[in-house]
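Down below is the structure, laid out as structure tokens.
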Amino acid sequence: MIYKTKAAVLKGPYDIDIVERSFECGPDDIVVKNHLCGICGSDKNFYRGNLPKKTAEFRQTPEFPFYLGHESGGVVVEVGEKITDFKVGDHVISFGWNNNFAEYFKAKNFQLQPVPYGLDLDIAALGEPISCAMHSGLNCGVQLGDIAVVMGAGFAGQIIAKCMQLKGAHKVVVVDLSDDKLNFAKSYGADIVINSKKEDVKAIIDDLTNGEGADVVVEAAGSAESFNTASEIIKHNGKFVFYSWVTQPITLNISRWHDDGLQFINTCLVHHTWQERYVWTPQALRPLAQGMVDVKPLISKEFSLDEIKEAFEYADKNDDAIKVVIRP
């Protein structure tokens with residue numbers, strides 16, 4: 001069967017459009033009817049022209065034209081003859097750059113994840129960013145009584161802060177540039193919020209910790225300023241947690257990392273091997289199935305696939321938006 005699908009292509013910086021693509025299901029392919037797709041921070045970086053160098057993560061070279069989209073999920077409609085671990089009708093989460101801003105996409109089995117616990121597809125379709133953030137919150141090393149800081153109040157930062165609160169951090173601090181995002185973070189469980197455009201982050205953390213610094217800092221903003229502020233506010237031997245993806249070279253204060261023996265934790269689940277991800281994802285999503293974490297309030301606005309230009313323009317220009325989604 002030949003599938004014809006509307007799909008997004010990024011032709012150049014700020015130039016995204018819908019085209020028609022055709023494909024067939026190969027012997028080791030799985031075809032998925034898309035249910036929902038999210039705009040990731042990395043998608044916004046690509047949209048702005050900030051394409052990184054190719055890494056093992058990419059199945060297509062990061063250059064224009066780029067067939068964009070990876071945060072999504074849906075229902076399997078066809079499997080190749082070599083596929084034994086998925087079948088038609090399965091609900092799946094995508095963990096691959098497969099041009100997921102589309103009505104249909106095809107993937108290899110290692111790029112998909114079964115939806116656990118019968119989760120609502122509106123949630124499961126965002127399972128990649130949710131499980132990455134939940135895994136980070138669960139494995140960031142926060143202990144009962146810690147002072148924990150999250151740099152960045154986007155989709156991931158909000159979820160990570162929520163996990164830290166539930167894990168027993170004494171104080172959860174969220175830092176961002178948007179008052180709207182910070183107000184939401186406060187309502188979502190953060191104890192203290194700091195607008196780094198208006199306030200001295202280090203001075204506030206020093207005052208909170210008697211000058212010692214935070215026990216754990218998660219970098220989820222993805223800027224040079226955020227990385228360096230994180231480096232300044234961690235205590236001696238504190239935990240620096242990598243989450244965000246910086247696609248361009250930045251200057252860092254490595255001396256602080258070395259001299260104060262900082263511990264570094266890379267928690268971003270999707271960038272580990274697919275075998276590890278296959279085990280970790282159900283654990284990361286279990287608190288959602290149990291009703292402990294509600295992510296639906298984090299969805300700021302929904303667009304149709306035909307509104308892809310408007311969706312990216314909105315996500316690019318509206319710094320207060322937490323998660324913008326596209327429904328094919």
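Letters A, B, ... mark the chains of the structure tokens in the order given; residue numbers begin at 1 per chain; ligand numbers begin at 1, in order shown.
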
Would you list the contacts of range 91-100 of chain A as a PyMOL selection string, taking every protein, DNA or RNA residue within 8 Å and counting only C-alpha atoms, but skipping same-chain residues closer than 5 positions in sequence?
-> chain A and resi 7-8+34+37+58-60+67-76+105-107+111-115+121+124-128+270

Please build the interface table for range 87-184 of chain A against range 243-266 of chain A with a cut-off of 10 Å, listing for each qualifying residue the nearest atom pair and the distance in Å to one decimal; count only C-alpha atoms, order rows by chain and increasing number, and write it as a tab-separated table.
residue	atom	partner	partner_atom	distance
A:Cys132	CA	A:Tyr243	CA	8.7
A:Ala133	CA	A:Tyr243	CA	8.2
A:Ser136	CA	A:Tyr243	CA	7.4
A:Asn139	CA	A:Ile265	CA	8.6
A:Cys140	CA	A:Ile265	CA	6.9
A:Gly141	CA	A:Ile265	CA	8.5
A:Met151	CA	A:Ser244	CA	9.7
A:Gly152	CA	A:Ser244	CA	9.2
A:Ala156	CA	A:Tyr243	CA	8.5
A:Gly157	CA	A:Tyr243	CA	9.0
A:Ile160	CA	A:Tyr243	CA	9.9

Would you export the selected residues with N, CA and C atoms as a PDB file, in the first residue's frame, please?
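The file below, out13.pdb, is the result:
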ATOM      1  N   CYS A 132      10.900  11.822  29.151  1.00  0.00           N
ATOM      2  CA  CYS A 132      12.239  12.395  29.318  1.00  0.00           C
ATOM      3  C   CYS A 132      12.292  13.286  30.559  1.00  0.00           C
ATOM      4  N   ALA A 133      11.282  14.141  30.712  1.00  0.00           N
ATOM      5  CA  ALA A 133      11.252  15.049  31.858  1.00  0.00           C
ATOM      6  C   ALA A 133      11.017  14.293  33.161  1.00  0.00           C
ATOM      7  N   SER A 136      14.085  12.505  34.220  1.00  0.00           N
ATOM      8  CA  SER A 136      15.052  13.459  34.771  1.00  0.00           C
ATOM      9  C   SER A 136      14.704  13.820  36.203  1.00  0.00           C
ATOM     10  N   ASN A 139      15.428  10.858  38.497  1.00  0.00           N
ATOM     11  CA  ASN A 139      16.817  10.398  38.584  1.00  0.00           C
ATOM     12  C   ASN A 139      17.838  11.531  38.694  1.00  0.00           C
ATOM     13  N   CYS A 140      17.397  12.679  39.143  1.00  0.00           N
ATOM     14  CA  CYS A 140      18.300  13.825  39.244  1.00  0.00           C
ATOM     15  C   CYS A 140      19.100  13.835  40.537  1.00  0.00           C
ATOM     16  N   GLY A 141      18.831  12.907  41.424  1.00  0.00           N
ATOM     17  CA  GLY A 141      19.596  12.817  42.658  1.00  0.00           C
ATOM     18  C   GLY A 141      19.052  13.642  43.808  1.00  0.00           C
ATOM     19  N   MET A 151      16.481  25.445  36.110  1.00  0.00           N
ATOM     20  CA  MET A 151      16.693  26.572  35.214  1.00  0.00           C
ATOM     21  C   MET A 151      15.832  26.347  33.975  1.00  0.00           C
ATOM     22  N   GLY A 152      14.761  27.118  33.835  1.00  0.00           N
ATOM     23  CA  GLY A 152      13.870  26.965  32.694  1.00  0.00           C
ATOM     24  C   GLY A 152      12.516  26.437  33.100  1.00  0.00           C
ATOM     25  N   ALA A 156       9.424  20.720  30.031  1.00  0.00           N
ATOM     26  CA  ALA A 156      10.269  19.816  30.819  1.00  0.00           C
ATOM     27  C   ALA A 156      10.552  20.376  32.204  1.00  0.00           C
ATOM     28  N   GLY A 157      10.905  21.662  32.267  1.00  0.00           N
ATOM     29  CA  GLY A 157      11.237  22.253  33.559  1.00  0.00           C
ATOM     30  C   GLY A 157      10.100  22.172  34.556  1.00  0.00           C
ATOM     31  N   ILE A 160       9.868  18.491  35.741  1.00  0.00           N
ATOM     32  CA  ILE A 160      11.001  18.154  36.616  1.00  0.00           C
ATOM     33  C   ILE A 160      10.819  18.785  37.994  1.00  0.00           C
TER      34      ILE A 160
END

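Relative to CA of Val31 in chain A, CA of Lys82 in chain A is found at 13.2 Å.
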
Just the residues within 12 Å of Lys198 in chain A, please, counting only C-alpha atoms, with nothing from its chain fewer than 4 positions along; format it as an mmCIF file with C-alpha atoms, in the first residue's frame.
data_model
loop_
_atom_site.group_PDB
_atom_site.id
_atom_site.type_symbol
_atom_site.label_atom_id
_atom_site.label_comp_id
_atom_site.auth_asym_id
_atom_site.auth_seq_id
_atom_site.Cartn_x
_atom_site.Cartn_y
_atom_site.Cartn_z
ATOM 1 C CA VAL A 175 14.163 30.245 37.295
ATOM 2 C CA ASP A 176 12.925 31.709 34.005
ATOM 3 C CA LEU A 177 12.504 34.933 32.032
ATOM 4 C CA SER A 178 8.701 34.730 31.736
ATOM 5 C CA ASP A 179 6.490 35.879 34.594
ATOM 6 C CA VAL A 193 10.252 31.464 41.499
ATOM 7 C CA ILE A 194 12.891 33.857 40.160
ATOM 8 C CA ILE A 204 18.720 34.714 46.203
#

CA of Asp215 in chain A and CA of Asp146 in chain A, how far apart in Å?
-> 5.8 Å

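Secondary structure from DSSP on the backbone puts alpha helix (DSSP H) at the following positions of range 219-275 of chain A: A:Ala224, A:Glu225, A:Ser226, A:Phe227, A:Asn228, A:Thr229, A:Ala230, A:Ser231, A:Glu232, A:Ile233, A:Ile254, A:Ser255, A:Arg256, A:Trp257, A:His258, A:Asp259, A:Trp274, A:Gln275.
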
Include N, CA and C atoms and write out the residues we just selected as a CSV table (one decimal), in the first residue's frame.
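result18.csv was written with the following content:
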chain,number,residue,atom,x,y,z
A,224,ALA,N,23.6,29.8,27.1
A,224,ALA,CA,24.9,30.0,27.8
A,224,ALA,C,24.7,30.6,29.2
A,225,GLU,N,23.8,31.6,29.2
A,225,GLU,CA,23.5,32.3,30.5
A,225,GLU,C,23.0,31.3,31.5
A,226,SER,N,22.1,30.4,31.1
A,226,SER,CA,21.5,29.5,32.0
A,226,SER,C,22.6,28.5,32.5
A,227,PHE,N,23.4,28.0,31.6
A,227,PHE,CA,24.4,27.0,32.0
A,227,PHE,C,25.4,27.6,33.0
A,228,ASN,N,25.8,28.9,32.8
A,228,ASN,CA,26.8,29.5,33.6
A,228,ASN,C,26.1,29.9,35.0
A,229,THR,N,24.9,30.4,35.0
A,229,THR,CA,24.2,30.6,36.2
A,229,THR,C,24.1,29.4,37.1
A,230,ALA,N,23.7,28.3,36.4
A,230,ALA,CA,23.6,27.0,37.1
A,230,ALA,C,25.0,26.6,37.7
A,231,SER,N,26.1,26.9,37.0
A,231,SER,CA,27.4,26.6,37.5
A,231,SER,C,27.7,27.4,38.7
A,232,GLU,N,27.2,28.6,38.8
A,232,GLU,CA,27.5,29.5,39.9
A,232,GLU,C,26.7,29.2,41.2
A,233,ILE,N,25.5,28.6,41.0
A,233,ILE,CA,24.7,28.5,42.2
A,233,ILE,C,24.7,27.1,42.8
A,254,ILE,N,34.3,26.2,33.1
A,254,ILE,CA,34.7,24.9,33.4
A,254,ILE,C,35.6,24.8,34.7
A,255,SER,N,36.3,25.9,35.0
A,255,SER,CA,37.1,26.0,36.2
A,255,SER,C,36.3,25.7,37.4
A,256,ARG,N,35.0,26.2,37.5
A,256,ARG,CA,34.2,26.0,38.7
A,256,ARG,C,33.8,24.5,38.7
A,257,TRP,N,33.5,23.9,37.6
A,257,TRP,CA,33.2,22.5,37.5
A,257,TRP,C,34.3,21.6,38.1
A,258,HIS,N,35.5,22.0,37.7
A,258,HIS,CA,36.7,21.2,38.2
A,258,HIS,C,37.0,21.5,39.6
A,259,ASP,N,37.2,22.7,40.0
A,259,ASP,CA,37.7,23.1,41.3
A,259,ASP,C,36.7,22.7,42.5
A,274,TRP,N,18.2,2.8,23.0
A,274,TRP,CA,16.8,2.4,22.9
A,274,TRP,C,16.5,1.3,23.9
A,275,GLN,N,17.5,0.4,24.2
A,275,GLN,CA,17.2,-0.7,25.1
A,275,GLN,C,17.0,-0.1,26.5

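Residue nearest Leu119 in chain A within the list A:Leu305, A:Arg327, A:Pro13, A:Pro287: A:Pro287 [criterion: smallest interatomic distance, only C-alpha atoms].
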
Selected residue, from A:Gly80, A:Pro282, A:Gly49, A:Gly291, that lies nearest to Gly26 in chain A when counting only C-alpha atoms = A:Gly80

Skip Gln290 in chain A itself and residues of its chain fewer than 3 positions away, then list as a short mmCIF file (atom, residue, chain, number, x, y, z; two decimals) with N, CA and C atoms, in the first residue's frame all residues within 12 Å of it, counting only C-alpha atoms.
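Okay, this is what ended up in out-v4.cif:
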data_model
loop_
_atom_site.label_atom_id
_atom_site.label_comp_id
_atom_site.auth_asym_id
_atom_site.auth_seq_id
_atom_site.Cartn_x
_atom_site.Cartn_y
_atom_site.Cartn_z
N PRO A 116 2.18 2.45 27.73
CA PRO A 116 1.90 1.65 28.93
C PRO A 116 0.64 2.11 29.66
N TYR A 117 0.10 1.22 30.45
CA TYR A 117 -0.97 1.53 31.40
C TYR A 117 -2.26 2.03 30.74
N GLY A 118 -2.42 1.85 29.45
CA GLY A 118 -3.62 2.33 28.79
C GLY A 118 -3.79 3.84 28.84
N LEU A 119 -2.68 4.56 28.84
CA LEU A 119 -2.74 6.02 28.92
C LEU A 119 -3.53 6.61 27.76
N PRO A 282 8.26 3.10 30.90
CA PRO A 282 7.11 2.76 31.76
C PRO A 282 7.28 3.25 33.19
N GLN A 283 8.51 3.19 33.71
CA GLN A 283 8.75 3.69 35.07
C GLN A 283 8.51 5.20 35.13
N ALA A 284 8.94 5.91 34.08
CA ALA A 284 8.79 7.37 34.06
C ALA A 284 7.33 7.79 33.96
N LEU A 285 6.53 6.99 33.24
CA LEU A 285 5.13 7.36 33.03
C LEU A 285 4.19 6.83 34.11
N ARG A 286 4.68 5.96 34.96
CA ARG A 286 3.80 5.38 35.99
C ARG A 286 3.13 6.43 36.88
N PRO A 287 3.85 7.49 37.35
CA PRO A 287 3.17 8.48 38.18
C PRO A 287 2.02 9.20 37.47
N VAL A 293 0.83 13.04 38.74
CA VAL A 293 1.29 14.18 37.95
C VAL A 293 0.30 14.40 36.81
N ASP A 294 -0.18 15.62 36.67
CA ASP A 294 -1.13 15.97 35.62
C ASP A 294 -0.43 16.93 34.66
#

note - CA of Val77 in chain A and CA of Asp28 in chain A are separated by 14.0 Å
